[in-house]
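Worksheet: the structure to be examined is printed underneath.
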Amino acid sequence: MIEDFPKYEHICKENDIQSLFAKGAGFSCYPYRVVYLFKPVGDKPVTCRLLLSVSKKRFHHAFKRNRVKRLIRESWRKNKQALYEICERDTISVDVALVYNATVIHSYEEMYRKTAKAVHELVNRYEKEIQATH
RNA sequence: CGAUGAGAGAUGACUGUCGCGGGUCGGGAAAGCCGACGCGAGGAAAGUCGGGACAGCGCAGAGCACCGUACUUCCCAACAGGAAGGUAUCCGAAAGGGUAACAGCAAGUGCCACAGAAAAUUACCGCCUCGAAAGAGGUAAGGGUGAAAACGUGAGGCAAGAGCUCACGCGGCGGGUGGCGACAUACCGCCGGGGUAAACCUUACGGGCUGCAAGUCCAAGUAUAGAGGCAAGGGCUUCUUCGGAAGCCGAACGGGCUGCUCGUCCGUCGCCUCAGGGUAGGGCGCUUGAGCCUGCGGGCGACCGCAGGUCUAGAGAAAUGACAGUCGCCCCGCAAGGGGAACAGAAUCCCGCUUAUAUCUCUCAUCGCCUU
RNA sequence: GGUACCUUGCCCGAGCGGUUAGGGAUCGGUCUGCAAAACCGGGGACGGCGGUUCGAAUCCGCCAGGUACCU
């Protein structure tokens, strides 16, 4: 059970972000808008990368945006294991963007449940896509 | 002990588990590997309002424009910052304290709505003189208008009046005296003034422009804008075999000298050689500095000097977090217990200012009460 | 991160120290069988807080909100 969140799991490159939002599929799962893109692993190990977005429009103060992003990161690293299991099984990588759409800051406990739900939903959608292609 | 005012400071502590960003060390051929140690948000990190450091560009020179500052002396790298004073004004019974864009409308120009006769060389009702009257002249005390009406009060004086004269008061200029100075003045002489400079402006002093997305290096890679050489010499239109030719217009045109002018310098068509733009990626800039702490000395003070100690974030779509517990702090409750903790997140770095802030601590001043 | 600028009714938009123009929209009326057009009339605003001034939308500070540019 690995619960870390190292640098290579961040999406930083401009090109990666553009291709994720251009090609990726998405769904809403309050308080998130989830955008994801499965892609072949290439020469690197299986990786589930994450992009966070908390808009200045919804939170004017920088310390509130930081707070939300830290809570999401914390809950993501605790919940990403389910996603890794299916990726390891099919040897495929995935880029995920979580856009925070709520206008209030939830407690950590609640945030944990919401993120678990979003990851669960993402896994379900992937399984359906796999079944459809077969 | 309490109240009021001013100033200074703090911005919870510790333990465990998991996680993040830098650093150092060890292992490893290397890794998105393993391990150890240590560091990791603020007083405002904010606004970007001043001032610097630093960097690039520019800089023969002169003038103008533009911008900033504005009581004095001192401090500071510098400032629109600070200290000590002066003056004005406000609060207070007093002690004392707060506030001030605080140079000049007695240099010039402009403006002063409505009302009013008149808003600056004024004269409506008045008052006085002359005149039969119409009117002419003198005058600015009183009335009325207005935010503001040609120093205020009293006396003398006069036809009536008026700084016309005198006393006191306000103010200006010159001199004396005191103070480094702003300035003060129960001193002397001369003078009499509407307001407005956050109106133009005047005076004095100061100011190159742009900002780390500054700038610079690397690998990859080529546009033609850079450099050099040969050489050539303006612009427009038409034709063209793309070499050039013809016609017309003008004595040039374009650019640099960071807004303008003078002045001054450079370039112009084509060919060859060198060099190597933007975008995306990585490195440097990037944290040792007008640094912090302690002690001693100097100064009313801001601050300065000396000695010793110390290293205290450095990211890059951007780390500094989550959970649990214990002890402090505040609130509710007799108690068990329950609840709460403001404003707010570094982005090149400093010094200030401004704005947002819960709670606590300390110092000083004044007043009140109690005890000795 | 840095640098310039803007804010006047529901919307657009003049105003540069002296009662905040005008147009569109809206509401009421006239006209019409009803509406549109036309005509008449009404309500409604200087982003906020201070300062200068007799007087501030205007001049000067400080906040708030918004826009553009630099990569």
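Naming scheme: A, B, ... for chains in displayed order of the structure tokens; residues 1 onward per chain; ligands 1 onward as shown.
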
Give me, as a PDB file with N, CA and C atoms, in the first residue's frame, the residues of chain A touching chain B, with the criterion being at most 9 Å (counting only C-alpha atoms (C1' of nucleotides)).
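Saved as out-v3.pdb:
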```pdb
ATOM      1  N   GLU A   3       1.260   5.204  -0.322  1.00  0.00           N
ATOM      2  CA  GLU A   3       0.408   6.391  -0.141  1.00  0.00           C
ATOM      3  C   GLU A   3       1.202   7.672  -0.297  1.00  0.00           C
ATOM      4  N   ASP A   4       2.164   7.663  -1.208  1.00  0.00           N
ATOM      5  CA  ASP A   4       2.944   8.874  -1.407  1.00  0.00           C
ATOM      6  C   ASP A   4       2.426   9.628  -2.631  1.00  0.00           C
ATOM      7  N   PHE A   5       3.037  10.797  -2.905  1.00  0.00           N
ATOM      8  CA  PHE A   5       2.605  11.606  -4.042  1.00  0.00           C
ATOM      9  C   PHE A   5       3.811  12.366  -4.591  1.00  0.00           C
ATOM     10  N   PRO A   6       4.724  11.630  -5.291  1.00  0.00           N
ATOM     11  CA  PRO A   6       5.966  12.274  -5.734  1.00  0.00           C
ATOM     12  C   PRO A   6       5.755  13.161  -6.957  1.00  0.00           C
ATOM     13  N   LYS A   7       6.826  13.822  -7.326  1.00  0.00           N
ATOM     14  CA  LYS A   7       6.779  14.838  -8.376  1.00  0.00           C
ATOM     15  C   LYS A   7       6.318  14.266  -9.726  1.00  0.00           C
ATOM     16  N   TYR A   8       6.747  13.018 -10.041  1.00  0.00           N
ATOM     17  CA  TYR A   8       6.413  12.487 -11.366  1.00  0.00           C
ATOM     18  C   TYR A   8       4.932  12.166 -11.495  1.00  0.00           C
ATOM     19  N   ILE A  11       1.129  16.601 -13.150  1.00  0.00           N
ATOM     20  CA  ILE A  11       1.154  16.984 -14.563  1.00  0.00           C
ATOM     21  C   ILE A  11       1.607  18.433 -14.627  1.00  0.00           C
ATOM     22  N   CYS A  12       2.793  18.659 -15.199  1.00  0.00           N
ATOM     23  CA  CYS A  12       3.372  19.997 -15.188  1.00  0.00           C
ATOM     24  C   CYS A  12       3.533  20.599 -16.568  1.00  0.00           C
ATOM     25  N   LYS A  13       3.785  19.758 -17.588  1.00  0.00           N
ATOM     26  CA  LYS A  13       4.112  20.267 -18.913  1.00  0.00           C
ATOM     27  C   LYS A  13       2.881  20.840 -19.614  1.00  0.00           C
ATOM     28  N   GLU A  14       3.106  21.970 -20.246  1.00  0.00           N
ATOM     29  CA  GLU A  14       2.044  22.651 -20.990  1.00  0.00           C
ATOM     30  C   GLU A  14       1.382  21.717 -22.007  1.00  0.00           C
ATOM     31  N   LYS A  44       8.121   4.178 -19.725  1.00  0.00           N
ATOM     32  CA  LYS A  44       8.117   4.427 -18.284  1.00  0.00           C
ATOM     33  C   LYS A  44       7.169   3.471 -17.572  1.00  0.00           C
ATOM     34  N   PRO A  45       7.315   3.341 -16.241  1.00  0.00           N
ATOM     35  CA  PRO A  45       6.399   2.466 -15.498  1.00  0.00           C
ATOM     36  C   PRO A  45       4.964   2.980 -15.539  1.00  0.00           C
ATOM     37  N   LEU A  51      -3.738  16.376 -11.984  1.00  0.00           N
ATOM     38  CA  LEU A  51      -3.712  17.835 -12.118  1.00  0.00           C
ATOM     39  C   LEU A  51      -4.828  18.404 -11.269  1.00  0.00           C
ATOM     40  N   HIS A  61      -9.042  34.361  -2.006  1.00  0.00           N
ATOM     41  CA  HIS A  61      -7.838  34.416  -1.185  1.00  0.00           C
ATOM     42  C   HIS A  61      -6.929  33.242  -1.460  1.00  0.00           C
ATOM     43  N   ALA A  62      -5.635  33.519  -1.562  1.00  0.00           N
ATOM     44  CA  ALA A  62      -4.645  32.505  -1.904  1.00  0.00           C
ATOM     45  C   ALA A  62      -4.583  31.429  -0.827  1.00  0.00           C
ATOM     46  N   PHE A  63      -4.746  31.819   0.438  1.00  0.00           N
ATOM     47  CA  PHE A  63      -4.615  30.813   1.497  1.00  0.00           C
ATOM     48  C   PHE A  63      -5.755  29.824   1.458  1.00  0.00           C
ATOM     49  N   LYS A  64      -6.946  30.220   0.954  1.00  0.00           N
ATOM     50  CA  LYS A  64      -8.067  29.285   0.811  1.00  0.00           C
ATOM     51  C   LYS A  64      -7.819  28.311  -0.333  1.00  0.00           C
ATOM     52  N   ASN A  66      -4.917  27.331  -1.433  1.00  0.00           N
ATOM     53  CA  ASN A  66      -3.884  26.409  -0.956  1.00  0.00           C
ATOM     54  C   ASN A  66      -4.496  25.333  -0.070  1.00  0.00           C
ATOM     55  N   ARG A  67      -5.384  25.756   0.809  1.00  0.00           N
ATOM     56  CA  ARG A  67      -6.034  24.834   1.742  1.00  0.00           C
ATOM     57  C   ARG A  67      -6.775  23.739   0.974  1.00  0.00           C
ATOM     58  N   ARG A  70      -4.417  21.319  -0.827  1.00  0.00           N
ATOM     59  CA  ARG A  70      -3.732  20.407   0.099  1.00  0.00           C
ATOM     60  C   ARG A  70      -4.653  19.283   0.548  1.00  0.00           C
ATOM     61  N   LEU A  71      -5.921  19.639   0.775  1.00  0.00           N
ATOM     62  CA  LEU A  71      -6.877  18.619   1.195  1.00  0.00           C
ATOM     63  C   LEU A  71      -7.115  17.615   0.079  1.00  0.00           C
ATOM     64  N   ARG A  73      -5.009  16.856  -2.382  1.00  0.00           N
ATOM     65  CA  ARG A  73      -3.802  16.040  -2.515  1.00  0.00           C
ATOM     66  C   ARG A  73      -3.756  14.945  -1.455  1.00  0.00           C
ATOM     67  N   GLU A  74      -4.083  15.327  -0.216  1.00  0.00           N
ATOM     68  CA  GLU A  74      -4.049  14.375   0.892  1.00  0.00           C
ATOM     69  C   GLU A  74      -5.029  13.232   0.642  1.00  0.00           C
ATOM     70  N   SER A  75      -6.256  13.558   0.221  1.00  0.00           N
ATOM     71  CA  SER A  75      -7.256  12.515   0.009  1.00  0.00           C
ATOM     72  C   SER A  75      -6.928  11.694  -1.232  1.00  0.00           C
ATOM     73  N   ARG A  77      -3.892  10.860  -2.368  1.00  0.00           N
ATOM     74  CA  ARG A  77      -2.841   9.876  -2.109  1.00  0.00           C
ATOM     75  C   ARG A  77      -3.347   8.722  -1.262  1.00  0.00           C
ATOM     76  N   TYR A 108     -11.805  17.626   6.047  1.00  0.00           N
ATOM     77  CA  TYR A 108     -10.981  16.574   5.465  1.00  0.00           C
ATOM     78  C   TYR A 108     -11.764  15.272   5.339  1.00  0.00           C
TER      79      TYR A 108
END
```

Query raised in the report: Counting only C-alpha atoms (C1' of nucleotides), what is within 8 Å of region 259-265 of chain B, bar same-chain residues fewer than 6 positions away, as a ChimeraX atom specification?
Result: /B:64-66

Query raised in the report: Counting only C-alpha atoms (C1' of nucleotides), what is within 12 Å of G44 (chain C), bar same-chain residues fewer than 2 positions away, as a PyMOL selection string?
Result: chain C and resi 9-10+26-27+42

Requested in this report: List every residue of region 76-122 of chain A that DSSP, applied to the backbone of this structure, assigns to strand (DSSP E), and report them as a list of chain:residue names.
Outcome: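 DSSP-assigned strand (DSSP E) residues in region 76-122 of chain A: A:Ser93, A:Val94, A:Asp95, A:Val96, A:Ala97, A:Leu98, A:Val99, A:Tyr100.
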
With C-alpha atoms retained, write the just-selected residues as a PDB file, in the first residue's frame.
```
ATOM      1  CA  SER A  93      -1.200   4.923 -17.683  1.00  0.00           C
ATOM      2  CA  VAL A  94      -3.764   7.590 -16.921  1.00  0.00           C
ATOM      3  CA  ASP A  95      -3.814  11.382 -16.574  1.00  0.00           C
ATOM      4  CA  VAL A  96      -6.543  12.790 -14.315  1.00  0.00           C
ATOM      5  CA  ALA A  97      -7.585  16.406 -13.738  1.00  0.00           C
ATOM      6  CA  LEU A  98      -9.692  17.295 -10.703  1.00  0.00           C
ATOM      7  CA  VAL A  99     -11.398  20.687 -11.059  1.00  0.00           C
ATOM      8  CA  TYR A 100     -12.871  21.834  -7.767  1.00  0.00           C
TER       9      TYR A 100
END
```

Report task. Could you give me the residues within region 1-131 of chain A that DSSP places in alpha helix (DSSP H), as a PyMOL selection string? Result -> chain A and resi 14-23+62-79+81-90+108-131

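Distance annotation: of C:A64, C:C39, C:C34, C:A57, the residue with the minimal separation from G17 (chain C) is C:A57; atom set is only C-alpha atoms (C1' of nucleotides).
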
Query raised in the report: Which is closest to Asp16 (chain A) among A:Gly42, A:Cys29, A:Leu50, A:Lys56, if we use only C-alpha atoms?
Result: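 Nearest candidate to Asp16 (chain A) out of A:Gly42, A:Cys29, A:Leu50, A:Lys56: A:Leu50.
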
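The space separating CA of Glu88 (chain A) from CA of Val46 (chain A) comes to 6.5 Å.
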
Query raised in the report: Hey, can you check how far CA of Val35 (chain A) sits from CA of Phe21 (chain A)?
Result: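 Result for CA of Val35 (chain A) versus CA of Phe21 (chain A): 7.1 Å, one decimal.
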
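The spacing separating C1' of A120 (chain B) from C1' of C105 (chain B) amounts to 13.6 Å.
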
Query raised in the report: Quick one: residues within 12 Å of G66 (chain C), only C-alpha atoms (C1' of nucleotides) counted, chain neighbours fewer than 6 positions away excluded, as an MDAnalysis selection string?
Result: chainID C and resid 5:7 47

Same residues, C-alpha atoms (C1' of nucleotides), output as a PDB file, in the first residue's frame:
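Output (selection12.pdb):
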```pdb
ATOM      1  C1'   C C   5      -5.886  52.399 -17.231  1.00  0.00           C
ATOM      2  C1'   C C   6     -11.333  52.430 -16.114  1.00  0.00           C
ATOM      3  C1'   U C   7     -15.895  52.800 -12.726  1.00  0.00           C
ATOM      4  C1'   G C  47     -18.260  52.306  -6.794  1.00  0.00           C
TER       5        G C  47
END
```
